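Raw data37.cif, mmCIF, N, CA and C atoms and all ligand atoms:
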```cif
data_my_file
#
loop_
_atom_site.label_atom_id
_atom_site.label_comp_id
_atom_site.auth_asym_id
_atom_site.auth_seq_id
_atom_site.Cartn_x
_atom_site.Cartn_y
_atom_site.Cartn_z
N MET A 127 86.40 22.27 -27.26
CA MET A 127 87.08 22.57 -25.99
C MET A 127 88.51 22.05 -26.06
N PRO A 128 89.46 22.77 -25.46
CA PRO A 128 90.86 22.37 -25.55
C PRO A 128 91.13 20.93 -25.15
N GLU A 129 90.42 20.43 -24.11
CA GLU A 129 90.74 19.08 -23.65
C GLU A 129 90.33 18.02 -24.67
N ASN A 130 89.53 18.43 -25.66
CA ASN A 130 89.12 17.48 -26.70
C ASN A 130 90.01 17.55 -27.94
N LEU A 131 91.01 18.40 -27.91
CA LEU A 131 91.85 18.55 -29.10
C LEU A 131 92.57 17.24 -29.40
N ASP A 132 92.60 16.88 -30.66
CA ASP A 132 93.23 15.63 -31.08
C ASP A 132 94.58 15.93 -31.72
N CYS A 133 95.64 15.66 -30.98
CA CYS A 133 96.99 15.96 -31.48
C CYS A 133 97.31 15.17 -32.75
N LEU A 134 96.80 13.95 -32.84
CA LEU A 134 97.11 13.14 -34.02
C LEU A 134 96.40 13.62 -35.27
N ALA A 135 95.44 14.52 -35.09
CA ALA A 135 94.80 15.13 -36.25
C ALA A 135 95.35 16.54 -36.47
N CYS A 136 96.43 16.87 -35.79
CA CYS A 136 96.94 18.25 -35.83
C CYS A 136 98.45 18.27 -36.16
N GLY A 137 99.27 18.16 -35.15
CA GLY A 137 100.72 18.18 -35.35
C GLY A 137 101.29 19.56 -35.59
N ALA A 138 100.48 20.59 -35.41
CA ALA A 138 100.94 21.95 -35.73
C ALA A 138 102.17 22.37 -34.93
N CYS A 139 102.22 22.01 -33.65
CA CYS A 139 103.35 22.47 -32.82
C CYS A 139 104.65 21.78 -33.22
N CYS A 140 104.60 20.72 -33.96
CA CYS A 140 105.82 20.05 -34.44
C CYS A 140 106.20 20.51 -35.84
N ARG A 141 105.47 21.52 -36.34
CA ARG A 141 105.72 21.99 -37.70
C ARG A 141 106.15 23.45 -37.74
N THR A 142 106.55 23.96 -36.61
CA THR A 142 106.87 25.39 -36.54
C THR A 142 108.34 25.61 -36.24
N GLY A 143 109.13 24.59 -36.49
CA GLY A 143 110.51 24.63 -36.00
C GLY A 143 111.54 25.22 -36.93
N HIS A 144 111.14 25.82 -38.03
CA HIS A 144 112.17 26.33 -38.92
C HIS A 144 113.05 27.35 -38.19
N ASP A 145 114.27 27.42 -38.55
CA ASP A 145 115.36 28.17 -37.90
C ASP A 145 115.50 27.93 -36.40
N GLY A 146 115.38 26.67 -36.03
CA GLY A 146 115.78 26.26 -34.68
C GLY A 146 114.90 26.74 -33.55
N ARG A 147 113.61 26.61 -33.71
CA ARG A 147 112.72 27.10 -32.65
C ARG A 147 112.32 26.07 -31.61
N ILE A 148 112.41 24.80 -31.96
CA ILE A 148 112.03 23.79 -30.96
C ILE A 148 113.30 23.43 -30.19
N LEU A 149 113.46 24.12 -29.07
CA LEU A 149 114.73 24.05 -28.35
C LEU A 149 114.89 22.74 -27.59
N VAL A 150 116.15 22.36 -27.45
CA VAL A 150 116.50 21.13 -26.74
C VAL A 150 117.48 21.51 -25.63
N PRO A 151 117.02 21.51 -24.39
CA PRO A 151 117.90 21.91 -23.29
C PRO A 151 118.98 20.86 -23.01
N ALA A 152 120.03 21.31 -22.32
CA ALA A 152 121.18 20.44 -22.06
C ALA A 152 120.78 19.16 -21.33
N GLU A 153 119.74 19.23 -20.49
CA GLU A 153 119.34 18.03 -19.74
C GLU A 153 118.92 16.90 -20.68
N ASP A 154 118.38 17.26 -21.84
CA ASP A 154 117.99 16.22 -22.80
C ASP A 154 119.23 15.53 -23.38
N LEU A 155 120.28 16.31 -23.59
CA LEU A 155 121.50 15.70 -24.14
C LEU A 155 122.05 14.68 -23.15
N VAL A 156 122.04 15.05 -21.87
CA VAL A 156 122.52 14.14 -20.82
C VAL A 156 121.66 12.87 -20.81
N ARG A 157 120.35 13.07 -20.85
CA ARG A 157 119.41 11.93 -20.81
C ARG A 157 119.62 11.01 -22.01
N TRP A 158 119.76 11.59 -23.20
CA TRP A 158 119.92 10.77 -24.41
C TRP A 158 121.24 10.02 -24.41
N ARG A 159 122.30 10.68 -23.89
CA ARG A 159 123.59 9.97 -23.80
C ARG A 159 123.45 8.77 -22.89
N ARG A 160 122.77 8.99 -21.78
CA ARG A 160 122.58 7.91 -20.81
C ARG A 160 121.81 6.75 -21.45
N LEU A 161 120.89 7.08 -22.33
CA LEU A 161 120.06 6.06 -22.99
C LEU A 161 120.72 5.47 -24.24
N GLY A 162 121.94 5.97 -24.54
CA GLY A 162 122.60 5.49 -25.76
C GLY A 162 121.98 6.02 -27.03
N ARG A 163 121.31 7.20 -26.94
CA ARG A 163 120.64 7.77 -28.12
C ARG A 163 121.44 8.94 -28.69
N GLU A 164 122.75 8.69 -28.92
CA GLU A 164 123.57 9.71 -29.54
C GLU A 164 123.04 10.10 -30.92
N ASP A 165 122.28 9.18 -31.52
CA ASP A 165 121.72 9.48 -32.85
C ASP A 165 120.82 10.72 -32.78
N LEU A 166 120.12 10.90 -31.66
CA LEU A 166 119.26 12.07 -31.52
C LEU A 166 120.09 13.35 -31.41
N ILE A 167 121.20 13.24 -30.71
CA ILE A 167 122.08 14.40 -30.55
C ILE A 167 122.70 14.77 -31.90
N ALA A 168 123.06 13.75 -32.67
CA ALA A 168 123.69 13.99 -33.96
C ALA A 168 122.77 14.72 -34.94
N GLN A 169 121.46 14.64 -34.69
CA GLN A 169 120.50 15.26 -35.61
C GLN A 169 120.07 16.67 -35.21
N LEU A 170 120.68 17.21 -34.17
CA LEU A 170 120.27 18.55 -33.73
C LEU A 170 120.88 19.64 -34.59
N GLN A 171 120.31 20.81 -34.49
CA GLN A 171 120.89 21.98 -35.16
C GLN A 171 120.99 23.10 -34.13
N PRO A 172 121.77 24.14 -34.42
CA PRO A 172 121.83 25.26 -33.48
C PRO A 172 120.47 25.93 -33.37
N GLY A 173 120.07 26.23 -32.14
CA GLY A 173 118.79 26.90 -31.93
C GLY A 173 118.98 28.31 -31.40
N HIS A 174 117.90 28.92 -31.02
CA HIS A 174 117.95 30.26 -30.46
C HIS A 174 118.58 30.23 -29.06
N PHE A 175 119.02 31.37 -28.61
CA PHE A 175 119.54 31.56 -27.25
C PHE A 175 120.72 30.64 -26.94
N GLY A 176 121.47 30.23 -27.97
CA GLY A 176 122.65 29.40 -27.74
C GLY A 176 122.32 27.95 -27.41
N GLU A 177 121.06 27.59 -27.46
CA GLU A 177 120.69 26.20 -27.18
C GLU A 177 120.66 25.39 -28.47
N ALA A 178 120.58 24.07 -28.30
CA ALA A 178 120.39 23.20 -29.46
C ALA A 178 118.90 23.17 -29.79
N ALA A 179 118.60 22.71 -30.99
CA ALA A 179 117.20 22.61 -31.40
C ALA A 179 117.04 21.40 -32.30
N PHE A 180 115.80 20.92 -32.41
CA PHE A 180 115.54 19.83 -33.33
C PHE A 180 115.74 20.33 -34.76
N ALA A 181 116.38 19.51 -35.56
CA ALA A 181 116.52 19.85 -36.98
C ALA A 181 115.15 19.76 -37.64
N THR A 182 115.01 20.52 -38.71
CA THR A 182 113.71 20.55 -39.38
C THR A 182 113.87 20.27 -40.87
N ARG A 183 112.79 19.92 -41.46
CA ARG A 183 112.75 19.71 -42.92
C ARG A 183 112.46 21.05 -43.58
N GLU A 184 112.49 21.02 -44.89
CA GLU A 184 112.22 22.23 -45.69
C GLU A 184 110.93 22.94 -45.26
N ASP A 185 109.92 22.15 -44.94
CA ASP A 185 108.61 22.73 -44.60
C ASP A 185 108.51 23.17 -43.14
N GLY A 186 109.60 23.07 -42.40
CA GLY A 186 109.57 23.51 -41.01
C GLY A 186 109.15 22.45 -40.02
N SER A 187 108.85 21.25 -40.51
CA SER A 187 108.45 20.19 -39.58
C SER A 187 109.70 19.55 -38.97
N CYS A 188 109.54 19.13 -37.73
CA CYS A 188 110.62 18.44 -37.03
C CYS A 188 110.98 17.16 -37.79
N VAL A 189 112.27 16.84 -37.81
CA VAL A 189 112.69 15.64 -38.54
C VAL A 189 112.13 14.36 -37.94
N HIS A 190 111.62 14.45 -36.71
CA HIS A 190 111.07 13.25 -36.06
C HIS A 190 109.56 13.13 -36.21
N LEU A 191 108.97 14.06 -36.92
CA LEU A 191 107.52 14.02 -37.05
C LEU A 191 107.11 13.02 -38.13
N GLY A 192 106.20 12.14 -37.76
CA GLY A 192 105.66 11.19 -38.73
C GLY A 192 106.12 9.77 -38.45
N THR A 193 105.16 8.87 -38.46
CA THR A 193 105.44 7.43 -38.32
C THR A 193 104.65 6.74 -39.43
N PRO A 194 104.91 5.46 -39.66
CA PRO A 194 104.13 4.76 -40.68
C PRO A 194 102.62 4.82 -40.39
N GLU A 195 102.28 4.94 -39.11
CA GLU A 195 100.85 4.96 -38.74
C GLU A 195 100.21 6.32 -38.90
N SER A 196 100.96 7.38 -38.64
CA SER A 196 100.38 8.72 -38.64
C SER A 196 101.40 9.78 -39.00
N ALA A 197 100.99 10.68 -39.89
CA ALA A 197 101.87 11.78 -40.28
C ALA A 197 102.07 12.77 -39.15
N ASN A 198 101.19 12.71 -38.15
CA ASN A 198 101.28 13.67 -37.04
C ASN A 198 101.79 13.07 -35.75
N ALA A 199 102.26 11.84 -35.81
CA ALA A 199 102.80 11.21 -34.61
C ALA A 199 104.30 11.45 -34.53
N CYS A 200 104.82 11.45 -33.31
CA CYS A 200 106.25 11.65 -33.08
C CYS A 200 106.95 10.30 -33.12
N ALA A 201 107.99 10.20 -33.94
CA ALA A 201 108.70 8.94 -34.10
C ALA A 201 109.60 8.63 -32.90
N VAL A 202 109.82 9.63 -32.05
CA VAL A 202 110.68 9.40 -30.88
C VAL A 202 109.91 9.75 -29.60
N TYR A 203 108.63 9.50 -29.65
CA TYR A 203 107.73 9.97 -28.58
C TYR A 203 108.22 9.60 -27.18
N ASP A 204 108.65 8.36 -26.99
CA ASP A 204 109.03 7.91 -25.64
C ASP A 204 110.21 8.68 -25.08
N VAL A 205 111.05 9.19 -25.93
CA VAL A 205 112.25 9.90 -25.45
C VAL A 205 112.28 11.34 -25.95
N ARG A 206 111.14 11.86 -26.38
CA ARG A 206 111.09 13.21 -26.96
C ARG A 206 111.66 14.25 -26.00
N GLY A 207 111.90 15.43 -26.55
CA GLY A 207 112.55 16.48 -25.77
C GLY A 207 111.68 17.04 -24.66
N THR A 208 112.33 17.70 -23.73
CA THR A 208 111.62 18.32 -22.61
C THR A 208 110.65 19.39 -23.11
N THR A 209 111.06 20.15 -24.10
CA THR A 209 110.18 21.19 -24.65
C THR A 209 108.90 20.56 -25.18
N CYS A 210 109.04 19.43 -25.84
CA CYS A 210 107.87 18.73 -26.41
C CYS A 210 106.99 18.20 -25.28
N ARG A 211 107.65 17.61 -24.30
CA ARG A 211 106.93 16.99 -23.19
C ARG A 211 106.12 18.03 -22.41
N GLU A 212 106.70 19.22 -22.27
CA GLU A 212 106.05 20.24 -21.44
C GLU A 212 105.05 21.10 -22.21
N PHE A 213 105.03 20.96 -23.52
CA PHE A 213 104.11 21.79 -24.30
C PHE A 213 102.66 21.38 -23.98
N GLU A 214 101.88 22.36 -23.67
CA GLU A 214 100.55 22.06 -23.15
C GLU A 214 99.47 22.11 -24.23
N ARG A 215 98.85 20.99 -24.44
CA ARG A 215 97.71 20.95 -25.35
C ARG A 215 96.62 21.86 -24.81
N GLY A 216 96.07 22.69 -25.68
CA GLY A 216 95.00 23.59 -25.24
C GLY A 216 95.51 24.92 -24.72
N SER A 217 96.84 25.07 -24.63
CA SER A 217 97.40 26.35 -24.16
C SER A 217 97.20 27.42 -25.24
N ARG A 218 97.46 28.65 -24.85
CA ARG A 218 97.30 29.75 -25.80
C ARG A 218 98.18 29.51 -27.03
N GLN A 219 99.42 29.06 -26.78
CA GLN A 219 100.34 28.83 -27.90
C GLN A 219 99.86 27.69 -28.80
N CYS A 220 99.34 26.66 -28.18
CA CYS A 220 98.78 25.54 -28.95
C CYS A 220 97.67 26.06 -29.86
N LEU A 221 96.78 26.86 -29.30
CA LEU A 221 95.65 27.36 -30.10
C LEU A 221 96.14 28.29 -31.20
N GLU A 222 97.21 29.03 -30.92
CA GLU A 222 97.79 29.91 -31.96
C GLU A 222 98.37 29.09 -33.10
N PHE A 223 99.13 28.05 -32.74
CA PHE A 223 99.71 27.18 -33.77
C PHE A 223 98.61 26.57 -34.62
N ARG A 224 97.56 26.12 -33.97
CA ARG A 224 96.45 25.51 -34.71
C ARG A 224 95.83 26.51 -35.68
N ARG A 225 95.63 27.71 -35.17
CA ARG A 225 95.04 28.75 -36.03
C ARG A 225 95.94 29.03 -37.23
N ASP A 226 97.27 29.13 -36.95
CA ASP A 226 98.23 29.41 -38.03
C ASP A 226 98.16 28.35 -39.13
N PHE A 227 97.83 27.12 -38.72
CA PHE A 227 97.77 26.03 -39.70
C PHE A 227 96.35 25.79 -40.20
N GLY A 228 95.45 26.68 -39.81
CA GLY A 228 94.08 26.57 -40.30
C GLY A 228 93.31 25.42 -39.70
N ILE A 229 93.72 25.00 -38.49
CA ILE A 229 93.01 23.91 -37.82
C ILE A 229 92.15 24.52 -36.71
N GLU A 230 90.89 24.33 -36.80
CA GLU A 230 90.00 24.94 -35.77
C GLU A 230 89.75 23.97 -34.63
S1 LIG B 1 99.26 22.29 -31.56
FE1 LIG B 1 98.14 21.58 -29.75
S2 LIG B 1 96.57 20.18 -30.54
FE2 LIG B 1 98.11 20.47 -32.13
S3 LIG B 1 99.53 18.74 -31.85
FE3 LIG B 1 100.33 20.50 -30.72
S4 LIG B 1 99.54 20.26 -28.63
FE4 LIG B 1 98.32 18.94 -29.96
S1 LIG B 2 110.58 15.45 -31.17
FE1 LIG B 2 108.52 14.71 -31.59
S2 LIG B 2 107.15 15.88 -30.26
FE2 LIG B 2 109.12 16.98 -30.38
S3 LIG B 2 108.90 18.46 -32.06
FE3 LIG B 2 109.79 16.61 -32.91
S4 LIG B 2 108.06 15.41 -33.68
FE4 LIG B 2 107.26 16.95 -32.25
#
```

Would you mind writing the file's structure down as structure tokens?
Ligand code: SF4
Ligand code: SF4
Amino acid sequence: MPENLDCLACGACCRTGHDGRILVPAEDLVRWRRLGREDLIAQLQPGHFGEAAFATREDGSCVHLGTPESANACAVYDVRGTTCREFERGSRQCLEFRRDFGIE
């Protein structure tokens, strides 16, 4: 059941960002500046629709994916982007991403 999905055993939605798909709206830039997190802004790349996006690695994973504890944890979880925050576990898109990565 979707409510039982374990994100830390998945991470699929953080691995689909090649060519700027995980968008970062302007409100995040304002928030990060306020928090003194210009480092996050410096790591963005151009995204679709004229917006910024999280930069990705060769394999399409977000540059912030992975911590010493877990390969599927977000290293900037507390201040992650609005797109990340609003992404719904168990949604149709979540289930599609999981399927694409062979995670049932
Ligand atoms: S694809 Fe769904 S289950 Fe997997 S990490 Fe993202 S929200 Fe969690
Ligand atoms: S910032 Fe964190 S939650 Fe958002 S895509 Fe990157 S790794 Fe995933």

6.5 Å shell around ligand LIG 2 (chain B) using all atoms listed in the file, listed as a VMD selection string: chain A and resid 139 to 141 148 188 to 192 199 to 203 206 to 207 209 to 211

Which residues form the shell of 5 Å around ligand LIG 1 (chain B) when you count only N, CA and C atoms and all ligand atoms, given as a list in words?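 Selection of residues at most 5 Å from ligand LIG 1 (chain B): Asp132, Cys133, Cys136, Gly137, Ala138, Cys139, Glu214, Arg215, Gly216, Cys220 and Arg224 of chain A.
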
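Residues within 8 Å of stretch 166-181 of chain A, counting only C-alpha atoms and excluding same-chain residues fewer than 6 positions away, are Gly143, Asp145, Gly146, Arg147, Ile148, Leu149, Val150, Pro151, Ala152, Leu155, Trp158, Cys188 and Val189 of chain A.
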
Enumerate as a list in words all residues of chain A assigned to strand (DSSP E or B) by DSSP on the backbone, naming them with the chain letters and numbers the document uses.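 Put together, the selection reads Leu149, Val150, Leu170, Gln171, Pro172, Ala178, Ala179, Phe180, Thr182, Cys188, Leu191 and Cys200 of chain A.
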
Atoms kept (N, CA and C atoms) for selection, written as a PDB file, keeping the file's coordinate frame:
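Heads up, here's the output in part-v6.pdb:
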```
ATOM      1  N   LEU A 149     113.460  24.120 -29.070  1.00  0.00           N
ATOM      2  CA  LEU A 149     114.730  24.050 -28.350  1.00  0.00           C
ATOM      3  C   LEU A 149     114.890  22.740 -27.590  1.00  0.00           C
ATOM      4  N   VAL A 150     116.150  22.360 -27.450  1.00  0.00           N
ATOM      5  CA  VAL A 150     116.500  21.130 -26.740  1.00  0.00           C
ATOM      6  C   VAL A 150     117.480  21.510 -25.630  1.00  0.00           C
ATOM      7  N   LEU A 170     120.680  17.210 -34.170  1.00  0.00           N
ATOM      8  CA  LEU A 170     120.270  18.550 -33.730  1.00  0.00           C
ATOM      9  C   LEU A 170     120.880  19.640 -34.590  1.00  0.00           C
ATOM     10  N   GLN A 171     120.310  20.810 -34.490  1.00  0.00           N
ATOM     11  CA  GLN A 171     120.890  21.980 -35.160  1.00  0.00           C
ATOM     12  C   GLN A 171     120.990  23.100 -34.130  1.00  0.00           C
ATOM     13  N   PRO A 172     121.770  24.140 -34.420  1.00  0.00           N
ATOM     14  CA  PRO A 172     121.830  25.260 -33.480  1.00  0.00           C
ATOM     15  C   PRO A 172     120.470  25.930 -33.370  1.00  0.00           C
ATOM     16  N   ALA A 178     120.580  24.070 -28.300  1.00  0.00           N
ATOM     17  CA  ALA A 178     120.390  23.200 -29.460  1.00  0.00           C
ATOM     18  C   ALA A 178     118.900  23.170 -29.790  1.00  0.00           C
ATOM     19  N   ALA A 179     118.600  22.710 -30.990  1.00  0.00           N
ATOM     20  CA  ALA A 179     117.200  22.610 -31.400  1.00  0.00           C
ATOM     21  C   ALA A 179     117.040  21.400 -32.300  1.00  0.00           C
ATOM     22  N   PHE A 180     115.800  20.920 -32.410  1.00  0.00           N
ATOM     23  CA  PHE A 180     115.540  19.830 -33.330  1.00  0.00           C
ATOM     24  C   PHE A 180     115.740  20.330 -34.760  1.00  0.00           C
ATOM     25  N   THR A 182     115.010  20.520 -38.710  1.00  0.00           N
ATOM     26  CA  THR A 182     113.710  20.550 -39.380  1.00  0.00           C
ATOM     27  C   THR A 182     113.870  20.270 -40.870  1.00  0.00           C
ATOM     28  N   CYS A 188     109.540  19.130 -37.730  1.00  0.00           N
ATOM     29  CA  CYS A 188     110.620  18.440 -37.030  1.00  0.00           C
ATOM     30  C   CYS A 188     110.980  17.160 -37.790  1.00  0.00           C
ATOM     31  N   LEU A 191     108.970  14.060 -36.920  1.00  0.00           N
ATOM     32  CA  LEU A 191     107.520  14.020 -37.050  1.00  0.00           C
ATOM     33  C   LEU A 191     107.110  13.020 -38.130  1.00  0.00           C
ATOM     34  N   CYS A 200     104.820  11.450 -33.310  1.00  0.00           N
ATOM     35  CA  CYS A 200     106.250  11.650 -33.080  1.00  0.00           C
ATOM     36  C   CYS A 200     106.950  10.300 -33.120  1.00  0.00           C
TER      37      CYS A 200
END
```

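Of note, atom N of A:Ser217 and atom CA of A:Asn130 are spaced 11.0 Å apart.
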
How many Å lie between atom CA of A:Asp226 and atom N of A:Val205, rounded to one decimal? 26.8 Å

Would you give the centre and edge lengths, in Å to one decimal, of a box along x, y and z around the listed atoms of stretch 146-158 of chain A, with 6 Å added to each side, as JSON?
```
{"center_x": 117.3, "center_y": 18.6, "center_z": -27.9, "size_x": 22.5, "size_y": 29.1, "size_z": 28.3}
```

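Coordinates place atom C of A:Asp185 at a distance of 24.8 Å from atom N of A:Glu164.
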
Residue list (helix (DSSP H, G or I), DSSP) for stretch 164-208 of chain A, as a short mmCIF file (atom, residue, chain, number, x, y, z; two decimals) with N, CA and C atoms, in the frame of the given file:
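Produced file part.cif, reproduced below:
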```cif
data_model
loop_
_atom_site.label_atom_id
_atom_site.label_comp_id
_atom_site.auth_asym_id
_atom_site.auth_seq_id
_atom_site.Cartn_x
_atom_site.Cartn_y
_atom_site.Cartn_z
N GLU A 164 122.75 8.69 -28.92
CA GLU A 164 123.57 9.71 -29.54
C GLU A 164 123.04 10.10 -30.92
N ASP A 165 122.28 9.18 -31.52
CA ASP A 165 121.72 9.48 -32.85
C ASP A 165 120.82 10.72 -32.78
N LEU A 166 120.12 10.90 -31.66
CA LEU A 166 119.26 12.07 -31.52
C LEU A 166 120.09 13.35 -31.41
N ILE A 167 121.20 13.24 -30.71
CA ILE A 167 122.08 14.40 -30.55
C ILE A 167 122.70 14.77 -31.90
N ALA A 168 123.06 13.75 -32.67
CA ALA A 168 123.69 13.99 -33.96
C ALA A 168 122.77 14.72 -34.94
N HIS A 174 117.90 28.92 -31.02
CA HIS A 174 117.95 30.26 -30.46
C HIS A 174 118.58 30.23 -29.06
N PHE A 175 119.02 31.37 -28.61
CA PHE A 175 119.54 31.56 -27.25
C PHE A 175 120.72 30.64 -26.94
N GLY A 176 121.47 30.23 -27.97
CA GLY A 176 122.65 29.40 -27.74
C GLY A 176 122.32 27.95 -27.41
N TYR A 203 108.63 9.50 -29.65
CA TYR A 203 107.73 9.97 -28.58
C TYR A 203 108.22 9.60 -27.18
N ASP A 204 108.65 8.36 -26.99
CA ASP A 204 109.03 7.91 -25.64
C ASP A 204 110.21 8.68 -25.08
N VAL A 205 111.05 9.19 -25.93
CA VAL A 205 112.25 9.90 -25.45
C VAL A 205 112.28 11.34 -25.95
N THR A 208 112.33 17.70 -23.73
CA THR A 208 111.62 18.32 -22.61
C THR A 208 110.65 19.39 -23.11
#
```

Find the residues near A:Ala135: any atom within 8 Å, counting all atoms listed in the file, skip ones fewer than 6 places away on the same chain, and give them as number ranges by chain. A: 197-199, 229
